[in-house]
Structures are given as structure tokens and as C-alpha cells.
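The structure under discussion appears below in the form of C-alpha cells.
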Amino acid sequence: MATETSDLLAAAAPPTVAVVRGIADDQLHLPTPCRDYAVRDLLNHLFQVVVNFQDLAAKRAVTWAEKPDHLTDDWRSRFEAEVDRLIAAWSDPASSEGVSPGMGMPQTTVGGMVLLDLTVHGWDLAVATGQPYAPAPEATVALHQLTV
């Protein structure tokens, strides 16, 4: 089954996954448009977002205090697999219902937050590493509606 959030994430994922796959190890030190983040830092942040928002879809508590280094082993493939798990987590109709116990806001807003991170940080990483990036049009429309 799919939800509006999972459909939007499924549309937004391929451009960001392609950028992550295209990042070379010698680019991890480069600065990003996110002033406080080098490419490595932003990748680890985005990885943590993708993993934590799987739990948030299931209305389970998450911790943001831990900052694990996700860039080990075959991290590019693991990122893609975690994004697939994220989409699957938000495919459950219950993921969009009610209020997030951990975030204290509507689940639909929480879903919009992960869509925002996946889309915007995909662009940030593309700019930092000199890659093309074209966000999914339906994601940008949904994000614009989220902010107005």
C-alpha cells in the first residue's frame, strides 16, 4: 500500500540517491551550502535522518544525540537500502495518522520534514560535489505547500 508521503519520497529519492552514489571519497572534506557541514558531515546527517524517520513513521521514539559514522563499508549501497526502507515505512497508512509522540506534531508534517531533508540535502550535496540535480517536481510542489 502507498500513502501520499511514500509516493512523494519515492519520487524524491532517485535524484538524491544518484548524487550520493556519485560522491567520491576524496570529496568528503568539501564544504556544502550548509555552512556548518562538510560533505561527510552532511551525509552522516542525512543518513541519520533517513534511519530515524523510519522509526518516526512507526511513531517510535528516536534519539538525535548519537552521531554515528555511517560512512563505512559500502555506505552508498546502504544509503539506498535505507531510503528504500524509509519509503516502505511511510507506505503504511498508519504512518500519516495522528500526532507524532516524539515530535509533537501531525504525522503528515513529520513526513513533510523528511521529504524536505531528502530533497534539499540532495541538492546541497550535488552543489558541493559538482553534480547535476533535478528534484522531483511533485516533491517541490509539496514542499512549497508545506511552507505556505
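Chain labels follow the order of the C-alpha cells: the first chain is A, the next B, and so on; residue numbering restarts at 1 in every chain, and ligands are counted from 1 in their shown order.
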ask   = If you count only C-alpha atoms, which residues fall within 8 Å of Leu71 (chain A), apart from same-chain ones fewer than 3 positions away, as a list in words?
value = Arg40, Leu43, Asn44, Asp74 and Trp75 of chain A
Can you pull out every residue from region 7-140 of chain A that DSSP, working from the backbone, puts in alpha helix (DSSP H), and format the result as an mmCIF file with N, CA and C atoms, in the first residue's frame?
data_model
loop_
_atom_site.group_PDB
_atom_site.id
_atom_site.type_symbol
_atom_site.label_atom_id
_atom_site.label_comp_id
_atom_site.auth_asym_id
_atom_site.auth_seq_id
_atom_site.Cartn_x
_atom_site.Cartn_y
_atom_site.Cartn_z
ATOM 1 N N ASP A 7 4.628 8.090 -1.706
ATOM 2 C CA ASP A 7 4.724 8.403 -3.137
ATOM 3 C C ASP A 7 5.683 9.571 -3.385
ATOM 4 N N LEU A 8 5.600 10.587 -2.544
ATOM 5 C CA LEU A 8 6.493 11.743 -2.699
ATOM 6 C C LEU A 8 7.940 11.357 -2.403
ATOM 7 N N LEU A 9 8.153 10.560 -1.376
ATOM 8 C CA LEU A 9 9.508 10.093 -1.070
ATOM 9 C C LEU A 9 10.062 9.232 -2.202
ATOM 10 N N ALA A 10 9.214 8.386 -2.772
ATOM 11 C CA ALA A 10 9.649 7.533 -3.883
ATOM 12 C C ALA A 10 10.046 8.373 -5.092
ATOM 13 N N ALA A 11 9.371 9.498 -5.293
ATOM 14 C CA ALA A 11 9.728 10.389 -6.401
ATOM 15 C C ALA A 11 10.997 11.172 -6.084
ATOM 16 N N ALA A 12 11.148 11.586 -4.837
ATOM 17 C CA ALA A 12 12.300 12.412 -4.441
ATOM 18 C C ALA A 12 13.580 11.603 -4.285
ATOM 19 N N ALA A 13 13.459 10.327 -4.014
ATOM 20 C CA ALA A 13 14.630 9.508 -3.696
ATOM 21 C C ALA A 13 15.631 9.343 -4.837
ATOM 22 N N PRO A 14 15.223 9.001 -6.063
ATOM 23 C CA PRO A 14 16.218 8.700 -7.097
ATOM 24 C C PRO A 14 17.245 9.811 -7.354
ATOM 25 N N PRO A 15 16.854 11.081 -7.439
ATOM 26 C CA PRO A 15 17.893 12.093 -7.666
ATOM 27 C C PRO A 15 18.896 12.190 -6.509
ATOM 28 N N THR A 16 18.402 12.051 -5.275
ATOM 29 C CA THR A 16 19.306 12.139 -4.130
ATOM 30 C C THR A 16 20.187 10.906 -4.035
ATOM 31 N N VAL A 17 19.622 9.739 -4.253
ATOM 32 C CA VAL A 17 20.421 8.506 -4.230
ATOM 33 C C VAL A 17 21.503 8.571 -5.311
ATOM 34 N N ALA A 18 21.169 9.080 -6.477
ATOM 35 C CA ALA A 18 22.166 9.202 -7.556
ATOM 36 C C ALA A 18 23.311 10.126 -7.142
ATOM 37 N N VAL A 19 22.982 11.220 -6.491
ATOM 38 C CA VAL A 19 24.034 12.139 -6.028
ATOM 39 C C VAL A 19 24.916 11.445 -4.997
ATOM 40 N N VAL A 20 24.302 10.778 -4.035
ATOM 41 C CA VAL A 20 25.090 10.085 -3.006
ATOM 42 C C VAL A 20 25.992 9.042 -3.646
ATOM 43 N N ARG A 21 25.471 8.293 -4.593
ATOM 44 C CA ARG A 21 26.299 7.292 -5.284
ATOM 45 C C ARG A 21 27.458 7.940 -6.047
ATOM 46 N N VAL A 39 30.890 17.710 3.332
ATOM 47 C CA VAL A 39 30.136 16.644 2.669
ATOM 48 C C VAL A 39 29.967 15.446 3.602
ATOM 49 N N ARG A 40 31.046 15.010 4.258
ATOM 50 C CA ARG A 40 30.965 13.861 5.181
ATOM 51 C C ARG A 40 29.929 14.120 6.271
ATOM 52 N N ASP A 41 29.970 15.306 6.867
ATOM 53 C CA ASP A 41 29.040 15.635 7.950
ATOM 54 C C ASP A 41 27.592 15.624 7.460
ATOM 55 N N LEU A 42 27.365 16.203 6.294
ATOM 56 C CA LEU A 42 26.006 16.266 5.759
ATOM 57 C C LEU A 42 25.503 14.872 5.371
ATOM 58 N N LEU A 43 26.376 14.053 4.820
ATOM 59 C CA LEU A 43 25.995 12.672 4.511
ATOM 60 C C LEU A 43 25.598 11.926 5.779
ATOM 61 N N ASN A 44 26.388 12.072 6.836
ATOM 62 C CA ASN A 44 26.051 11.404 8.092
ATOM 63 C C ASN A 44 24.731 11.930 8.659
ATOM 64 N N HIS A 45 24.505 13.226 8.545
ATOM 65 C CA HIS A 45 23.238 13.803 8.995
ATOM 66 C C HIS A 45 22.076 13.227 8.189
ATOM 67 N N LEU A 46 22.211 13.212 6.875
ATOM 68 C CA LEU A 46 21.133 12.713 6.022
ATOM 69 C C LEU A 46 20.887 11.229 6.279
ATOM 70 N N PHE A 47 21.946 10.466 6.476
ATOM 71 C CA PHE A 47 21.817 9.052 6.821
ATOM 72 C C PHE A 47 20.997 8.905 8.107
ATOM 73 N N GLN A 48 21.340 9.699 9.123
ATOM 74 C CA GLN A 48 20.640 9.630 10.392
ATOM 75 C C GLN A 48 19.169 10.011 10.230
ATOM 76 N N VAL A 49 18.900 11.021 9.423
ATOM 77 C CA VAL A 49 17.520 11.424 9.145
ATOM 78 C C VAL A 49 16.754 10.263 8.504
ATOM 79 N N VAL A 50 17.345 9.655 7.494
ATOM 80 C CA VAL A 50 16.677 8.567 6.774
ATOM 81 C C VAL A 50 16.384 7.392 7.720
ATOM 82 N N VAL A 51 17.324 7.074 8.583
ATOM 83 C CA VAL A 51 17.129 5.965 9.523
ATOM 84 C C VAL A 51 16.114 6.351 10.609
ATOM 85 N N ASN A 52 16.272 7.521 11.215
ATOM 86 C CA ASN A 52 15.382 7.910 12.311
ATOM 87 C C ASN A 52 13.939 8.115 11.857
ATOM 88 N N PHE A 53 13.755 8.624 10.666
ATOM 89 C CA PHE A 53 12.395 8.867 10.206
ATOM 90 C C PHE A 53 11.670 7.565 9.837
ATOM 91 N N GLN A 54 12.401 6.468 9.712
ATOM 92 C CA GLN A 54 11.744 5.167 9.596
ATOM 93 C C GLN A 54 11.016 4.869 10.902
ATOM 94 N N ASP A 55 11.686 5.114 12.018
ATOM 95 C CA ASP A 55 11.053 4.908 13.324
ATOM 96 C C ASP A 55 9.944 5.920 13.567
ATOM 97 N N LEU A 56 10.147 7.151 13.153
ATOM 98 C CA LEU A 56 9.109 8.164 13.343
ATOM 99 C C LEU A 56 7.845 7.815 12.553
ATOM 100 N N ALA A 57 7.993 7.169 11.415
ATOM 101 C CA ALA A 57 6.825 6.724 10.655
ATOM 102 C C ALA A 57 6.003 5.733 11.472
ATOM 103 N N TRP A 75 28.815 2.205 2.067
ATOM 104 C CA TRP A 75 27.819 3.165 2.553
ATOM 105 C C TRP A 75 26.893 3.673 1.463
ATOM 106 N N ARG A 76 27.361 3.731 0.225
ATOM 107 C CA ARG A 76 26.489 4.211 -0.861
ATOM 108 C C ARG A 76 25.302 3.256 -1.075
ATOM 109 N N SER A 77 25.584 1.971 -1.099
ATOM 110 C CA SER A 77 24.512 0.975 -1.255
ATOM 111 C C SER A 77 23.637 0.924 -0.014
ATOM 112 N N ARG A 78 24.242 1.055 1.165
ATOM 113 C CA ARG A 78 23.456 1.055 2.394
ATOM 114 C C ARG A 78 22.534 2.265 2.447
ATOM 115 N N PHE A 79 23.001 3.427 1.946
ATOM 116 C CA PHE A 79 22.139 4.600 1.921
ATOM 117 C C PHE A 79 20.905 4.315 1.062
ATOM 118 N N GLU A 80 21.121 3.750 -0.108
ATOM 119 C CA GLU A 80 19.991 3.438 -0.980
ATOM 120 C C GLU A 80 19.029 2.451 -0.311
ATOM 121 N N ALA A 81 19.568 1.453 0.362
ATOM 122 C CA ALA A 81 18.720 0.471 1.048
ATOM 123 C C ALA A 81 17.931 1.132 2.181
ATOM 124 N N GLU A 82 18.558 2.041 2.902
ATOM 125 C CA GLU A 82 17.848 2.740 3.988
ATOM 126 C C GLU A 82 16.767 3.656 3.431
ATOM 127 N N VAL A 83 17.019 4.278 2.295
ATOM 128 C CA VAL A 83 15.994 5.109 1.663
ATOM 129 C C VAL A 83 14.812 4.235 1.240
ATOM 130 N N ASP A 84 15.089 3.054 0.718
ATOM 131 C CA ASP A 84 14.003 2.125 0.368
ATOM 132 C C ASP A 84 13.193 1.746 1.611
ATOM 133 N N ARG A 85 13.885 1.529 2.745
ATOM 134 C CA ARG A 85 13.184 1.217 3.990
ATOM 135 C C ARG A 85 12.358 2.416 4.466
ATOM 136 N N LEU A 86 12.876 3.609 4.262
ATOM 137 C CA LEU A 86 12.145 4.825 4.622
ATOM 138 C C LEU A 86 10.834 4.908 3.848
ATOM 139 N N ILE A 87 10.920 4.692 2.557
ATOM 140 C CA ILE A 87 9.718 4.738 1.707
ATOM 141 C C ILE A 87 8.723 3.677 2.167
ATOM 142 N N ALA A 88 9.212 2.481 2.445
ATOM 143 C CA ALA A 88 8.329 1.398 2.909
ATOM 144 C C ALA A 88 7.679 1.761 4.247
ATOM 145 N N ALA A 89 8.436 2.378 5.146
ATOM 146 C CA ALA A 89 7.884 2.749 6.458
ATOM 147 C C ALA A 89 6.746 3.747 6.311
ATOM 148 N N GLN A 107 1.611 13.760 12.065
ATOM 149 C CA GLN A 107 2.458 12.836 11.305
ATOM 150 C C GLN A 107 2.645 13.301 9.858
ATOM 151 N N THR A 108 1.636 13.943 9.284
ATOM 152 C CA THR A 108 1.788 14.431 7.912
ATOM 153 C C THR A 108 2.878 15.495 7.838
ATOM 154 N N THR A 109 3.022 16.296 8.879
ATOM 155 C CA THR A 109 4.090 17.297 8.927
ATOM 156 C C THR A 109 5.449 16.617 9.071
ATOM 157 N N VAL A 110 5.509 15.587 9.898
ATOM 158 C CA VAL A 110 6.749 14.831 10.074
ATOM 159 C C VAL A 110 7.177 14.219 8.737
ATOM 160 N N GLY A 111 6.218 13.680 7.998
ATOM 161 C CA GLY A 111 6.519 13.146 6.671
ATOM 162 C C GLY A 111 7.036 14.225 5.732
ATOM 163 N N GLY A 112 6.469 15.421 5.835
ATOM 164 C CA GLY A 112 6.949 16.541 5.032
ATOM 165 C C GLY A 112 8.368 16.942 5.401
ATOM 166 N N MET A 113 8.702 16.799 6.680
ATOM 167 C CA MET A 113 10.063 17.146 7.120
ATOM 168 C C MET A 113 11.107 16.230 6.493
ATOM 169 N N VAL A 114 10.820 14.932 6.430
ATOM 170 C CA VAL A 114 11.796 14.017 5.845
ATOM 171 C C VAL A 114 11.873 14.217 4.330
ATOM 172 N N LEU A 115 10.748 14.554 3.712
ATOM 173 C CA LEU A 115 10.772 14.880 2.284
ATOM 174 C C LEU A 115 11.651 16.107 2.047
ATOM 175 N N LEU A 116 11.531 17.083 2.908
ATOM 176 C CA LEU A 116 12.346 18.301 2.808
ATOM 177 C C LEU A 116 13.830 17.969 2.921
ATOM 178 N N ASP A 117 14.203 17.207 3.941
ATOM 179 C CA ASP A 117 15.615 16.863 4.117
ATOM 180 C C ASP A 117 16.154 16.073 2.934
ATOM 181 N N LEU A 118 15.402 15.089 2.478
ATOM 182 C CA LEU A 118 15.868 14.259 1.362
ATOM 183 C C LEU A 118 16.061 15.090 0.099
ATOM 184 N N THR A 119 15.173 16.033 -0.137
ATOM 185 C CA THR A 119 15.235 16.852 -1.348
ATOM 186 C C THR A 119 16.303 17.938 -1.237
ATOM 187 N N VAL A 120 16.248 18.708 -0.176
ATOM 188 C CA VAL A 120 17.165 19.847 -0.037
ATOM 189 C C VAL A 120 18.602 19.384 0.153
ATOM 190 N N HIS A 121 18.807 18.365 0.982
ATOM 191 C CA HIS A 121 20.185 17.904 1.194
ATOM 192 C C HIS A 121 20.727 17.169 -0.028
ATOM 193 N N GLY A 122 19.855 16.601 -0.844
ATOM 194 C CA GLY A 122 20.309 16.071 -2.130
ATOM 195 C C GLY A 122 20.893 17.183 -2.980
ATOM 196 N N TRP A 123 20.188 18.313 -3.010
ATOM 197 C CA TRP A 123 20.685 19.479 -3.749
ATOM 198 C C TRP A 123 21.984 19.991 -3.128
ATOM 199 N N ASP A 124 22.031 20.105 -1.796
ATOM 200 C CA ASP A 124 23.244 20.575 -1.108
ATOM 201 C C ASP A 124 24.453 19.725 -1.497
ATOM 202 N N LEU A 125 24.273 18.416 -1.461
ATOM 203 C CA LEU A 125 25.381 17.507 -1.789
ATOM 204 C C LEU A 125 25.764 17.592 -3.259
ATOM 205 N N ALA A 126 24.780 17.776 -4.126
ATOM 206 C CA ALA A 126 25.073 17.928 -5.553
ATOM 207 C C ALA A 126 25.895 19.192 -5.801
ATOM 208 N N VAL A 127 25.488 20.287 -5.197
ATOM 209 C CA VAL A 127 26.223 21.552 -5.361
ATOM 210 C C VAL A 127 27.650 21.391 -4.838
ATOM 211 N N ALA A 128 27.790 20.784 -3.672
ATOM 212 C CA ALA A 128 29.111 20.640 -3.059
ATOM 213 C C ALA A 128 30.050 19.783 -3.897
ATOM 214 N N THR A 129 29.498 18.804 -4.613
ATOM 215 C CA THR A 129 30.342 17.859 -5.351
ATOM 216 C C THR A 129 30.290 18.060 -6.859
ATOM 217 N N PRO A 137 9.547 17.124 -9.497
ATOM 218 C CA PRO A 137 8.606 18.251 -9.496
ATOM 219 C C PRO A 137 7.496 18.111 -8.455
ATOM 220 N N GLU A 138 6.972 16.901 -8.282
ATOM 221 C CA GLU A 138 5.906 16.733 -7.302
ATOM 222 C C GLU A 138 6.400 16.972 -5.881
ATOM 223 N N ALA A 139 7.672 16.689 -5.625
ATOM 224 C CA ALA A 139 8.243 16.960 -4.302
ATOM 225 C C ALA A 139 8.360 18.458 -4.064
ATOM 226 N N THR A 140 8.803 19.186 -5.068
ATOM 227 C CA THR A 140 8.951 20.633 -4.875
ATOM 228 C C THR A 140 7.593 21.302 -4.694
#
task = Go ahead and compute the interatomic distance for CA of Lys67 (chain A) and CA of Ala134 (chain A), in Å to one decimal.
result = 28.9 Å
task = From a DSSP calculation on the backbone, collect every residue of chain A in strand (DSSP E or B) and output the set as a list in words.
result =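 Listing strand (DSSP E or B) positions across chain A yields Pro31, Ala38, Val99 and Pro106 of chain A.
What separates CA of Gly102 (chain A) from CA of Thr5 (chain A) is a distance of 18.5 Å.
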message = Report, in Å with one decimal, the straight-line distance from CA of Pro93 (chain A) to CA of Glu4 (chain A).
response =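 Computing the Euclidean distance for CA of Pro93 (chain A) and CA of Glu4 (chain A) yields 9.2 Å.
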key: For Gly130 (chain A), the nearest of the candidates A:Pro68, A:Pro33, A:Pro106, A:Pro101, counting only C-alpha atoms   =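 Closest to Gly130 (chain A), using only C-alpha atoms: A:Pro33.
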